[in-house]
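Source file run.tsv; content: TSV, C-alpha atoms and all ligand atoms.
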```tsv
chain	number	residue	atom	x	y	z
F	1	MET	CA	97.35	108.05	131.23
F	2	SER	CA	93.72	108.97	131.01
F	3	THR	CA	90.35	107.60	130.01
F	4	ALA	CA	89.64	105.97	126.67
F	5	ALA	CA	87.30	107.54	124.11
F	6	ALA	CA	83.80	106.20	124.62
F	7	ALA	CA	81.82	105.70	121.37
F	8	ALA	CA	82.73	103.06	118.78
F	9	PRO	CA	84.68	104.76	116.01
F	10	ARG	CA	83.51	104.93	112.43
F	11	ALA	CA	85.65	105.08	109.31
F	12	LEU	CA	85.51	105.08	105.56
F	13	VAL	CA	86.79	101.62	104.63
F	14	TYR	CA	87.59	99.76	101.41
F	15	ASP	CA	88.45	96.16	100.69
F	16	ALA	CA	89.84	96.41	97.14
F	17	PRO	CA	91.11	99.30	94.98
F	18	GLY	CA	88.63	101.22	92.82
F	19	GLU	CA	86.84	104.52	92.41
F	20	PRO	CA	86.12	106.05	95.86
F	21	LEU	CA	82.34	106.26	95.39
F	22	GLU	CA	82.26	102.62	94.31
F	23	VAL	CA	84.54	100.96	96.84
F	24	LEU	CA	84.28	103.03	100.03
F	25	SER	CA	81.68	102.50	102.73
F	26	LEU	CA	81.18	104.07	106.15
F	27	ARG	CA	81.59	101.33	108.75
F	28	GLU	CA	81.59	101.03	112.51
F	29	LEU	CA	84.90	99.79	113.88
F	30	PRO	CA	85.48	97.83	117.10
F	31	ALA	CA	85.20	99.98	120.25
F	32	LEU	CA	88.49	101.42	121.41
F	33	THR	CA	90.20	99.99	124.46
F	34	ALA	CA	92.76	101.75	126.65
F	35	PRO	CA	95.96	102.45	124.69
F	36	GLY	CA	98.88	100.09	125.29
F	37	PRO	CA	102.53	100.98	125.86
F	38	GLY	CA	103.75	103.59	123.37
F	39	GLN	CA	100.24	104.15	121.99
F	40	VAL	CA	97.91	107.14	121.86
F	41	GLN	CA	94.20	107.28	121.31
F	42	LEU	CA	93.06	110.01	118.96
F	43	ARG	CA	89.77	111.74	118.11
F	44	PHE	CA	89.90	113.10	114.59
F	45	LEU	CA	88.77	116.65	113.88
F	46	LEU	CA	89.49	117.33	110.19
F	47	SER	CA	90.93	115.03	107.53
F	48	PRO	CA	91.60	116.37	104.01
F	49	ILE	CA	90.96	114.59	100.74
F	50	ASN	CA	94.20	115.14	98.84
F	51	PRO	CA	94.86	113.97	95.27
F	52	SER	CA	97.18	111.27	96.66
F	53	ASP	CA	94.30	109.91	98.76
F	54	ILE	CA	92.18	109.42	95.65
F	55	ASN	CA	95.12	107.72	93.92
F	56	THR	CA	95.58	105.50	96.97
F	57	VAL	CA	91.96	104.28	96.92
F	58	GLN	CA	92.30	103.71	93.17
F	59	GLY	CA	95.36	101.53	93.83
F	60	LYS	CA	97.66	103.91	91.91
F	61	TYR	CA	99.77	105.18	94.82
F	62	PRO	CA	102.73	103.26	96.24
F	63	LEU	CA	101.70	103.78	99.89
F	64	MET	CA	98.38	102.28	100.92
F	65	PRO	CA	96.66	100.71	103.93
F	66	GLN	CA	96.48	96.97	104.26
F	67	LEU	CA	93.48	95.51	102.41
F	68	PRO	CA	90.80	94.30	102.93
F	69	GLY	CA	89.48	96.66	105.61
F	70	GLY	CA	91.80	99.56	104.78
F	71	VAL	CA	91.13	103.11	105.99
F	72	PRO	CA	92.47	105.77	103.58
F	73	GLY	CA	93.67	109.25	104.53
F	74	HIS	CA	97.33	110.31	104.63
F	75	GLU	CA	96.76	113.65	106.40
F	76	GLY	CA	94.54	114.86	109.24
F	77	LEU	CA	94.24	116.76	112.49
F	78	ALA	CA	93.38	114.83	115.64
F	79	GLU	CA	93.13	115.51	119.36
F	80	VAL	CA	94.78	113.19	121.88
F	81	THR	CA	92.11	111.59	124.07
F	82	ALA	CA	94.25	109.07	125.97
F	83	VAL	CA	97.93	108.18	126.24
F	84	GLY	CA	99.36	104.77	127.09
F	85	PRO	CA	102.31	103.93	129.32
F	86	GLN	CA	105.81	104.98	128.20
F	87	VAL	CA	104.52	107.78	125.97
F	88	THR	CA	106.49	110.98	126.24
F	89	GLY	CA	105.87	114.31	124.53
F	90	LEU	CA	102.12	113.86	123.95
F	91	SER	CA	99.37	114.79	126.41
F	92	VAL	CA	95.59	114.54	126.44
F	93	GLY	CA	94.14	117.54	124.60
F	94	ASP	CA	97.13	118.04	122.28
F	95	TRP	CA	96.47	118.60	118.59
F	96	VAL	CA	98.50	116.13	116.54
F	97	VAL	CA	99.18	115.33	112.88
F	98	PRO	CA	100.71	112.23	111.27
F	99	LEU	CA	104.44	111.95	110.65
F	100	LYS	CA	103.97	108.94	108.39
F	101	SER	CA	101.61	108.31	105.46
F	102	ALA	CA	98.87	105.68	105.19
F	103	GLN	CA	97.86	105.61	108.85
F	104	GLY	CA	94.20	106.06	107.90
F	105	THR	CA	92.84	109.47	108.90
F	106	TRP	CA	89.35	109.16	107.39
F	107	ARG	CA	87.95	107.97	110.70
F	108	THR	CA	86.42	109.43	113.85
F	109	ALA	CA	88.89	107.88	116.32
F	110	GLY	CA	91.64	105.30	116.58
F	111	THR	CA	94.71	104.04	118.43
F	112	PHE	CA	98.16	104.66	116.95
F	113	PRO	CA	101.88	104.49	117.74
F	114	ALA	CA	102.61	107.76	119.57
F	115	GLU	CA	106.00	108.24	117.86
F	116	LEU	CA	104.24	108.65	114.48
F	117	TRP	CA	102.29	111.77	115.56
F	118	HIS	CA	103.54	115.34	115.97
F	119	VAL	CA	102.07	118.10	118.14
F	120	VAL	CA	100.90	121.24	116.35
F	121	PRO	CA	100.04	124.35	118.36
F	122	ARG	CA	96.41	125.49	118.42
F	123	ASP	CA	97.27	129.13	117.76
F	124	ILE	CA	97.80	128.47	114.03
F	125	GLY	CA	94.13	127.50	113.74
F	126	LEU	CA	92.23	124.50	112.40
F	127	ALA	CA	92.70	125.07	108.66
F	128	ALA	CA	96.48	125.47	108.89
F	129	ALA	CA	96.89	122.57	111.31
F	130	ALA	CA	94.72	120.16	109.30
F	131	THR	CA	96.69	120.77	106.10
F	132	ILE	CA	100.23	121.14	107.43
F	133	VAL	CA	101.58	117.65	106.75
F	134	ILE	CA	101.80	117.39	102.96
F	135	ASN	CA	101.42	120.51	100.88
F	136	PRO	CA	103.32	123.38	102.60
F	137	PRO	CA	106.33	121.11	103.39
F	138	SER	CA	106.35	120.02	99.73
F	139	ALA	CA	106.42	123.64	98.57
F	140	LEU	CA	109.24	124.45	100.99
F	141	ALA	CA	111.30	121.38	100.06
F	142	MET	CA	110.97	122.00	96.32
F	143	LEU	CA	112.03	125.64	96.70
F	144	GLU	CA	115.08	124.65	98.77
F	145	ASN	CA	116.33	121.32	97.45
F	146	PHE	CA	116.79	121.56	93.69
F	147	VAL	CA	118.20	124.95	92.75
F	148	SER	CA	119.95	127.64	94.79
F	149	LEU	CA	117.47	130.52	94.64
F	150	GLN	CA	118.42	134.09	95.56
F	151	PRO	CA	116.23	137.17	96.00
F	152	GLY	CA	115.33	138.44	92.53
F	153	ASP	CA	115.33	134.95	90.99
F	154	THR	CA	112.17	133.59	89.41
F	155	VAL	CA	110.21	130.34	89.75
F	156	ALA	CA	107.52	129.25	87.27
F	157	GLN	CA	104.73	126.83	88.12
F	158	ASN	CA	101.49	125.40	86.83
F	159	GLY	CA	98.59	124.33	89.07
F	160	ALA	CA	99.15	127.58	90.93
F	161	THR	CA	95.66	127.48	92.48
F	162	SER	CA	96.53	124.25	94.32
F	163	VAL	CA	97.39	124.33	98.01
F	164	VAL	CA	101.00	123.51	97.06
F	165	GLY	CA	100.97	126.26	94.43
F	166	GLU	CA	99.66	128.87	96.87
F	167	ALA	CA	102.32	127.88	99.41
F	168	VAL	CA	105.01	128.20	96.71
F	169	ILE	CA	103.79	131.71	95.93
F	170	GLN	CA	103.81	132.79	99.57
F	171	ILE	CA	107.14	131.24	100.61
F	172	ALA	CA	108.87	132.51	97.47
F	173	HIS	CA	107.42	136.00	97.97
F	174	SER	CA	108.68	136.12	101.58
F	175	ARG	CA	112.19	135.41	100.23
F	176	GLY	CA	112.13	137.99	97.46
F	177	ILE	CA	111.75	135.29	94.79
F	178	LYS	CA	109.37	136.12	91.93
F	179	THR	CA	106.73	133.67	90.72
F	180	ILE	CA	105.17	133.07	87.32
F	181	ASN	CA	101.91	131.23	87.87
F	182	ILE	CA	100.05	129.36	85.14
F	183	ILE	CA	96.43	128.49	85.88
F	184	ARG	CA	93.54	127.03	83.89
F	185	ASP	CA	91.13	129.42	82.26
F	186	ARG	CA	88.06	129.76	84.49
F	187	PRO	CA	84.83	131.71	84.93
F	188	ASP	CA	86.16	133.58	88.00
F	189	MET	CA	89.47	134.52	86.36
F	190	ASP	CA	89.69	138.10	87.67
F	191	ALA	CA	88.93	137.07	91.26
F	192	THR	CA	91.44	134.20	91.07
F	193	VAL	CA	94.19	136.42	89.67
F	194	ALA	CA	93.47	138.98	92.42
F	195	ARG	CA	93.58	136.26	95.11
F	196	LEU	CA	96.93	134.86	93.94
F	197	LYS	CA	98.41	138.35	93.57
F	198	ALA	CA	97.28	139.16	97.12
F	199	LEU	CA	99.31	136.13	98.23
F	200	GLY	CA	102.38	137.59	96.49
F	201	ALA	CA	102.22	136.21	92.93
F	202	ASP	CA	104.12	138.40	90.44
F	203	LEU	CA	102.49	137.07	87.27
F	204	VAL	CA	99.31	134.99	86.97
F	205	THR	CA	98.49	133.83	83.47
F	206	THR	CA	97.15	130.98	81.36
F	207	GLU	CA	98.93	128.67	78.90
F	208	GLU	CA	97.31	130.63	76.09
F	209	ARG	CA	98.50	134.05	77.31
F	210	LEU	CA	101.86	132.94	78.71
F	211	THR	CA	104.20	134.13	75.94
F	212	GLU	CA	102.60	137.55	75.66
F	213	ASP	CA	102.22	138.11	79.43
F	214	LEU	CA	105.74	136.89	80.17
F	215	LYS	CA	107.24	139.29	77.66
F	216	ALA	CA	105.25	142.19	79.08
F	217	SER	CA	106.22	141.30	82.68
F	218	GLY	CA	109.96	141.79	82.18
F	219	LEU	CA	110.61	139.01	84.70
F	220	PRO	CA	113.92	137.15	84.40
F	221	ALA	CA	113.75	133.60	83.02
F	222	PRO	CA	113.19	131.14	85.90
F	223	LYS	CA	115.89	128.80	87.20
F	224	LEU	CA	113.23	126.50	88.63
F	225	GLY	CA	109.94	125.23	87.18
F	226	LEU	CA	107.37	123.26	89.18
F	227	ASN	CA	104.91	120.99	87.42
F	228	CYS	CA	101.91	119.23	89.01
F	229	VAL	CA	99.79	118.99	85.83
F	230	GLY	CA	101.71	117.29	82.99
F	231	GLY	CA	101.01	117.44	79.24
F	232	ASN	CA	100.97	120.88	77.61
F	233	ALA	CA	101.00	122.62	80.98
F	234	ALA	CA	104.37	121.01	81.75
F	235	GLN	CA	105.73	122.13	78.40
F	236	ALA	CA	104.48	125.65	79.09
F	237	VAL	CA	106.55	125.80	82.29
F	238	THR	CA	109.59	124.26	80.55
F	239	ARG	CA	109.39	126.89	77.80
F	240	THR	CA	109.85	129.69	80.33
F	241	LEU	CA	113.01	128.24	81.90
F	242	ALA	CA	116.45	129.81	81.69
F	243	ASP	CA	119.40	127.95	80.17
F	244	GLY	CA	120.41	125.20	82.60
F	245	GLY	CA	117.07	125.46	84.42
F	246	THR	CA	115.35	122.60	86.24
F	247	LEU	CA	111.80	121.32	85.85
F	248	VAL	CA	110.57	119.45	88.93
F	249	THR	CA	107.50	117.29	88.42
F	250	TYR	CA	105.58	116.49	91.60
F	251	GLY	CA	102.06	115.73	90.37
F	252	GLY	CA	100.09	114.70	87.31
F	253	MET	CA	96.64	116.29	87.64
F	254	ALA	CA	95.91	116.19	83.87
F	255	LEU	CA	96.87	112.48	83.71
F	256	GLN	CA	99.13	113.25	80.74
F	257	PRO	CA	102.83	112.43	80.39
F	258	VAL	CA	105.58	115.00	80.67
F	259	THR	CA	107.42	115.35	77.39
F	260	ALA	CA	111.05	116.34	77.70
F	261	GLY	CA	111.45	118.36	74.49
F	262	VAL	CA	114.58	117.71	72.46
F	263	ALA	CA	115.21	121.44	71.95
F	264	ALA	CA	114.84	122.10	75.69
F	265	MET	CA	117.39	119.40	76.42
F	266	ILE	CA	119.92	120.22	73.69
F	267	PHE	CA	119.77	123.99	73.37
F	268	LYS	CA	118.98	124.85	77.02
F	269	ASP	CA	120.27	121.78	78.92
F	270	ILE	CA	117.11	121.68	81.04
F	271	SER	CA	117.17	119.08	83.83
F	272	PHE	CA	114.03	117.06	84.43
F	273	ARG	CA	113.65	115.98	88.04
F	274	GLY	CA	110.95	114.55	90.31
F	275	PHE	CA	109.85	115.13	93.90
F	276	TRP	CA	107.93	112.85	96.28
F	277	LEU	CA	107.49	114.07	99.85
F	278	SER	CA	106.29	110.79	101.36
F	279	GLY	CA	108.92	108.69	99.57
F	280	ARG	CA	112.49	109.72	98.91
F	281	TRP	CA	112.19	113.01	100.79
F	282	ALA	CA	110.68	111.42	103.92
F	283	GLN	CA	113.32	108.69	103.87
F	284	SER	CA	116.12	111.22	103.61
F	285	GLN	CA	114.69	113.33	106.46
F	286	GLY	CA	113.59	110.67	108.95
F	287	LEU	CA	110.94	111.46	111.54
F	288	GLN	CA	113.09	114.24	113.04
F	289	GLY	CA	113.40	115.97	109.67
F	290	ARG	CA	109.65	115.78	109.15
F	291	ARG	CA	109.06	117.27	112.60
F	292	ALA	CA	111.52	120.09	111.84
F	293	ALA	CA	109.87	120.84	108.47
F	294	MET	CA	106.44	121.05	110.08
F	295	ASP	CA	107.75	123.25	112.89
F	296	SER	CA	109.19	125.66	110.33
F	297	ILE	CA	105.80	125.76	108.58
F	298	VAL	CA	104.18	126.54	111.96
F	299	GLU	CA	106.50	129.54	112.28
F	300	MET	CA	105.55	130.64	108.75
F	301	TYR	CA	101.89	130.70	109.81
F	302	ARG	CA	102.73	132.56	113.02
F	303	SER	CA	104.78	135.20	111.22
F	304	GLY	CA	102.20	135.69	108.48
F	305	VAL	CA	104.35	134.29	105.65
F	306	LEU	CA	101.59	131.73	105.04
F	307	THR	CA	97.84	132.15	105.22
F	308	PRO	CA	95.77	128.98	105.73
F	309	PRO	CA	94.11	127.39	102.71
F	310	ARG	CA	90.37	127.75	102.33
F	311	LEU	CA	88.46	124.63	103.38
F	312	ALA	CA	85.27	122.98	102.16
F	313	PRO	CA	84.14	120.84	105.15
F	314	PHE	CA	81.87	117.80	104.79
F	315	PRO	CA	80.60	115.50	107.57
F	316	LEU	CA	80.98	111.74	107.22
F	317	ALA	CA	77.26	111.35	107.96
F	318	THR	CA	74.33	113.33	109.30
F	319	ALA	CA	70.90	112.24	110.57
F	320	ALA	CA	69.34	113.49	107.33
F	321	ASP	CA	72.11	112.16	105.08
F	322	PRO	CA	73.82	108.99	106.34
F	323	GLU	CA	75.97	108.99	103.19
F	324	ALA	CA	77.02	112.64	103.48
F	325	TRP	CA	80.66	111.64	102.84
F	326	ARG	CA	79.71	111.05	99.19
F	327	ARG	CA	79.07	114.78	98.74
F	328	ALA	CA	82.72	115.43	99.60
F	329	PHE	CA	83.89	113.40	96.59
F	330	GLU	CA	81.46	115.20	94.31
F	331	LYS	CA	83.07	118.48	95.44
F	332	VAL	CA	86.59	117.08	94.95
F	333	ALA	CA	85.75	116.23	91.33
F	334	ALA	CA	84.64	119.82	90.56
F	335	ALA	CA	87.02	122.01	88.57
F	336	HIS	CA	88.15	125.33	90.08
F	337	ARG	CA	86.87	124.38	93.51
F	338	GLY	CA	89.24	126.86	95.20
F	339	ALA	CA	89.20	125.05	98.53
F	340	LYS	CA	90.61	121.91	100.12
F	341	VAL	CA	87.82	119.41	100.79
F	342	VAL	CA	88.02	118.02	104.33
F	343	PHE	CA	85.98	115.54	106.34
F	344	ASP	CA	84.74	117.34	109.45
F	345	MET	CA	84.43	114.78	112.22
F	346	THR	CA	83.36	117.33	114.83
F	347	GLY	CA	79.75	117.53	113.71
F	348	GLY	CA	80.37	121.16	112.83
F	349	ALA	CA	81.46	121.88	116.43
F	350	ALA	CA	84.95	122.88	115.31
F	351	GLY	CA	83.42	125.83	113.48
F	352	VAL	CA	85.53	125.40	110.36
F	353	PRO	CA	85.10	128.49	108.21
F	354	GLU	CA	83.68	127.41	104.85
F	355	ALA	CA	85.28	128.68	101.64
F	401	LIG	N1	105.00	114.62	94.96
F	401	LIG	C1	104.64	114.99	96.18
F	401	LIG	O1	105.30	114.71	97.17
F	401	LIG	C2	103.40	115.82	96.32
F	401	LIG	C3	103.12	116.45	97.53
F	401	LIG	C4	101.98	117.25	97.61
F	401	LIG	C5	101.14	117.36	96.51
F	401	LIG	N2	101.45	116.69	95.37
F	401	LIG	C6	100.65	116.82	94.15
F	401	LIG	O2	100.50	118.19	93.92
F	401	LIG	C7	99.31	118.42	93.19
F	401	LIG	C8	98.52	119.49	93.92
F	401	LIG	O3	98.10	118.98	95.17
F	401	LIG	P1	97.18	119.89	96.12
F	401	LIG	O4	96.70	119.07	97.24
F	401	LIG	O5	97.90	121.16	96.40
F	401	LIG	O6	95.99	120.17	95.09
F	401	LIG	P2	94.59	120.84	95.31
F	401	LIG	O7	94.70	121.93	96.31
F	401	LIG	O8	93.60	119.76	95.51
F	401	LIG	O9	94.35	121.53	93.88
F	401	LIG	C9	94.29	120.79	92.72
F	401	LIG	C10	94.96	121.59	91.62
F	401	LIG	O10	95.03	120.82	90.44
F	401	LIG	C11	94.46	121.58	89.36
F	401	LIG	N3	93.84	120.62	88.44
F	401	LIG	C12	92.94	119.69	88.73
F	401	LIG	N4	92.63	118.95	87.64
F	401	LIG	C13	93.37	119.46	86.63
F	401	LIG	C14	93.50	119.16	85.25
F	401	LIG	N5	92.81	118.16	84.69
F	401	LIG	N6	94.36	119.90	84.51
F	401	LIG	C15	95.05	120.91	85.07
F	401	LIG	N7	94.97	121.25	86.37
F	401	LIG	C16	94.14	120.53	87.13
F	401	LIG	C17	93.46	122.49	90.02
F	401	LIG	O11	93.20	123.59	89.17
F	401	LIG	P3	91.78	124.37	89.19
F	401	LIG	O12	91.88	125.38	90.30
F	401	LIG	O13	91.74	125.00	87.84
F	401	LIG	O14	90.71	123.36	89.40
F	401	LIG	C18	94.23	122.88	91.28
F	401	LIG	O15	95.20	123.85	90.99
F	401	LIG	C19	98.63	117.08	93.09
F	401	LIG	O16	98.97	116.50	91.86
F	401	LIG	C20	99.25	116.29	94.22
F	401	LIG	O17	99.20	114.90	94.00
F	401	LIG	C21	102.55	115.94	95.26
```
Before anything else, please render the file you have as structure tokens.
Amino acid sequence: MSTAAAAAPRALVYDAPGEPLEVLSLRELPALTAPGPGQVQLRFLLSPINPSDINTVQGKYPLMPQLPGGVPGHEGLAEVTAVGPQVTGLSVGDWVVPLKSAQGTWRTAGTFPAELWHVVPRDIGLAAAATIVINPPSALAMLENFVSLQPGDTVAQNGATSVVGEAVIQIAHSRGIKTINIIRDRPDMDATVARLKALGADLVTTEERLTEDLKASGLPAPKLGLNCVGGNAAQAVTRTLADGGTLVTYGGMALQPVTAGVAAMIFKDISFRGFWLSGRWAQSQGLQGRRAAMDSIVEMYRSGVLTPPRLAPFPLATAADPEAWRRAFEKVAAAHRGAKVVFDMTGGAAGVPEA
């Protein structure tokens, strides 16, 4: 056991679903008391804004905090500041991340059940640790759980500039699996293509150039397609697939439905599947499985298979801008942002490298 964190915590809080800038407010929470049996007290360092967090605040995600007075945030990196009686495996000073969604990471400090937090080693660095819970494990699970992929096989994906997409590229590359990466047209196209190729991408193209670039690449038709966009971008991935291939949908960034084309189903027997890390996958794995997945991602960072995503840090508030958290949502809404927006609760002390 050790001392409790001193200052009253603050958090972004909402009482009813809606658009984040309309329903969230920065509020002071009751001062923390010493953690009880099985509890830990945490000081948050960095908490990402992921697409699922936005959906949660909007009331469109199945896992959400209790309202009114809910604190969003499914992912985040915190430091243990105090441990209660009967807590094993966590010590003051450890870096920890959540093993369960909807615990509310958009806050400066809080008290939580110790069993729902997992230690991550400091040597992987802040950016990797703060983003280790959701996106890299999703990439790994989708590459391993749907189709048996061998070196030389090919995977196609859209949304390849996302943190999931970049993890797919890197993990696949480390296993000798080729990737076809479809991205949106953008002003910094050459730099983006170069960045993804440096991560190991074999082909980076747009929906418009896909047919031509694919033909020129000579890559074999993919057994697995990954879709986080929907609409035409999903059809573009489906079009590339080999006979008997599988399209896995795990996101819907374009807010458009996925059309399962009749020709794709009849002539190529394409399977259309879905993936949800925090739902079916988490249930099938249990807490131990989630710990194991994160530990294998840690090893991927240590061995250089993965490089950390670029971050765009924003404070919750500053003396000059008490509503600084609003700027974070403006950045999230920007196209081609090329970095994961995170709330930096350290007042800049963590020294997060900006993208
Ligand atoms: N099912 C699951 O268990 C699971 C787990 C993790 C993530 N996800 C989903 O995976 C997706 C990516 O998550 P992330 O955190 O890796 O994303 P991220 O790093 O925040 O990146 C967002 C990606 O979406 C693209 N995008 C945004 N709006 C778009 C639009 N209107 N049309 C086409 N592309 C658009 C962006 O492209 P630009 O670079 O061109 O802006 C970027 O590639 C999200 O849909 C998320 O909900 C699902």
Show which residues sit within 12 Å of Val83 (chain F), as a JSON list (two decimals) with C-alpha atoms, in the frame of the given file. Count only C-alpha atoms, and ignore same-chain residues fewer than 5 positions away.
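Once everything was written out, this is part-v5.json:
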```
[["chain", "number", "residue", "atom", "x", "y", "z"],
["F", 1, "MET", "CA", 97.35, 108.05, 131.23],
["F", 2, "SER", "CA", 93.72, 108.97, 131.01],
["F", 3, "THR", "CA", 90.35, 107.60, 130.01],
["F", 4, "ALA", "CA", 89.64, 105.97, 126.67],
["F", 5, "ALA", "CA", 87.30, 107.54, 124.11],
["F", 33, "THR", "CA", 90.20, 99.99, 124.46],
["F", 34, "ALA", "CA", 92.76, 101.75, 126.65],
["F", 35, "PRO", "CA", 95.96, 102.45, 124.69],
["F", 36, "GLY", "CA", 98.88, 100.09, 125.29],
["F", 37, "PRO", "CA", 102.53, 100.98, 125.86],
["F", 38, "GLY", "CA", 103.75, 103.59, 123.37],
["F", 39, "GLN", "CA", 100.24, 104.15, 121.99],
["F", 40, "VAL", "CA", 97.91, 107.14, 121.86],
["F", 41, "GLN", "CA", 94.20, 107.28, 121.31],
["F", 42, "LEU", "CA", 93.06, 110.01, 118.96],
["F", 88, "THR", "CA", 106.49, 110.98, 126.24],
["F", 89, "GLY", "CA", 105.87, 114.31, 124.53],
["F", 90, "LEU", "CA", 102.12, 113.86, 123.95],
["F", 91, "SER", "CA", 99.37, 114.79, 126.41],
["F", 92, "VAL", "CA", 95.59, 114.54, 126.44],
["F", 93, "GLY", "CA", 94.14, 117.54, 124.60],
["F", 94, "ASP", "CA", 97.13, 118.04, 122.28],
["F", 110, "GLY", "CA", 91.64, 105.30, 116.58],
["F", 111, "THR", "CA", 94.71, 104.04, 118.43],
["F", 112, "PHE", "CA", 98.16, 104.66, 116.95],
["F", 113, "PRO", "CA", 101.88, 104.49, 117.74],
["F", 114, "ALA", "CA", 102.61, 107.76, 119.57],
["F", 115, "GLU", "CA", 106.00, 108.24, 117.86]]
```
Exercise. So which residues are near ligand LIG 401 (chain F), meaning at most 7 Å away with all atoms listed in the file counted, given back as a VMD selection string?
Worked result: chain F and resid 50 to 52 134 to 135 138 159 to 165 183 to 184 186 228 to 229 250 to 254 275 to 278 335 to 340
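Residues within 12 Å of Arg327 (chain F), counting all atoms listed in the file and excluding same-chain residues fewer than 4 positions away, are Pro20, Leu21, Ala312, Pro313, Phe314, Pro315, Leu316, Ala317, Thr318, Asp321, Pro322, Glu323, Lys331, Val332, Ala333, Ala334, Val341, Val342 and Phe343 of chain F.
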Exercise. Using all atoms listed in the file, which residues sit within 9 Å of Pro65 (chain F) once same-chain residues fewer than 5 positions away are excluded, as an MDAnalysis selection string?
Worked result: chainID F and resid 56 70:72 102:104
Would you mind listing what lies within 12 Å of Ser303 (chain F) as a PDB file with C-alpha atoms, keeping the file's coordinate frame, with all atoms listed in the file counted and same-chain residues fewer than 2 positions away left out?
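Just written: part_39.pdb:
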```pdb
ATOM      1  CA  ASP F 123      97.270 129.130 117.760  1.00  0.00           C
ATOM      2  CA  ILE F 124      97.800 128.470 114.030  1.00  0.00           C
ATOM      3  CA  GLN F 170     103.810 132.790  99.570  1.00  0.00           C
ATOM      4  CA  ILE F 171     107.140 131.240 100.610  1.00  0.00           C
ATOM      5  CA  SER F 174     108.680 136.120 101.580  1.00  0.00           C
ATOM      6  CA  SER F 296     109.190 125.660 110.330  1.00  0.00           C
ATOM      7  CA  ILE F 297     105.800 125.760 108.580  1.00  0.00           C
ATOM      8  CA  VAL F 298     104.180 126.540 111.960  1.00  0.00           C
ATOM      9  CA  GLU F 299     106.500 129.540 112.280  1.00  0.00           C
ATOM     10  CA  MET F 300     105.550 130.640 108.750  1.00  0.00           C
ATOM     11  CA  TYR F 301     101.890 130.700 109.810  1.00  0.00           C
ATOM     12  CA  VAL F 305     104.350 134.290 105.650  1.00  0.00           C
ATOM     13  CA  LEU F 306     101.590 131.730 105.040  1.00  0.00           C
ATOM     14  CA  THR F 307      97.840 132.150 105.220  1.00  0.00           C
TER      15      THR F 307
END
```
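You can rank F:Pro187, F:Gly289, F:Gly218, F:Pro136 by their closest distance to Pro309 (chain F) using all atoms listed in the file, and at the top of that list sits F:Pro136.
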Could you list as a tab-separated table (two decimals) with C-alpha atoms, in the frame of the given file every residue that has an atom within 10 Å of (119.9, 127.5, 92.0), using the file's coordinates and counting only C-alpha atoms?
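In the end it all went to part-v3.tsv:
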```tsv
chain	number	residue	atom	x	y	z
F	143	LEU	CA	112.03	125.64	96.70
F	144	GLU	CA	115.08	124.65	98.77
F	145	ASN	CA	116.33	121.32	97.45
F	146	PHE	CA	116.79	121.56	93.69
F	147	VAL	CA	118.20	124.95	92.75
F	148	SER	CA	119.95	127.64	94.79
F	149	LEU	CA	117.47	130.52	94.64
F	150	GLN	CA	118.42	134.09	95.56
F	153	ASP	CA	115.33	134.95	90.99
F	222	PRO	CA	113.19	131.14	85.90
F	223	LYS	CA	115.89	128.80	87.20
F	224	LEU	CA	113.23	126.50	88.63
F	244	GLY	CA	120.41	125.20	82.60
F	245	GLY	CA	117.07	125.46	84.42
F	246	THR	CA	115.35	122.60	86.24
```
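Interatomic distance, CA of Met64 (chain F) to CA of Ser101 (chain F): 8.2 Å.
Excluding region 204-215 of chain F itself and any same-chain residue fewer than 6 positions from it, the protein and nucleic acid residues within 8 Å of it, counting all atoms listed in the file, are Ile180, Asn181, Ile182, Ile183, Arg184, Asp185, Val193, Leu196, Lys197, Ala233 and Ala236 of chain F.
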Exercise. When you draw a straight line from CA of Ala216 (chain F) to CA of Asn232 (chain F), how long is it in Å?
Worked result: 21.8 Å
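In this comparison, which uses only C-alpha atoms, the residue of F:Gly59, F:Pro30, F:Gly231, F:Gly351 approaching Gly18 (chain F) most closely is F:Gly59.
For the residues F:Ala292, F:Met142, F:Ala128, F:Leu247, ranking by smallest atom-to-atom distance to Ala260 (chain F) using only C-alpha atoms places F:Leu247 first.
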Exercise. What gap, in Å, lies between CA of Leu140 (chain F) and CA of Asp344 (chain F)?
Worked result: 26.9 Å
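Each of F:Ile49, F:Tyr61, F:Ala139, F:Ala16 was checked against Ala328 (chain F) using all atoms listed in the file; the smallest atom-to-atom distance is that of F:Ile49.
Of the listed residues F:Gly84, F:Glu166, F:Ile132, F:Met345, the one whose atoms come nearest to Thr192 (chain F) is F:Glu166, with distances taken using all atoms listed in the file.
The set of protein, DNA and RNA residues with any counted atom at most 8 Å from (90.4, 127.4, 113.9) (all atoms listed in the file) reads Arg122, Ile124, Gly125, Leu126, Ala127, Ala350, Gly351, Val352 and Pro353 of chain F.
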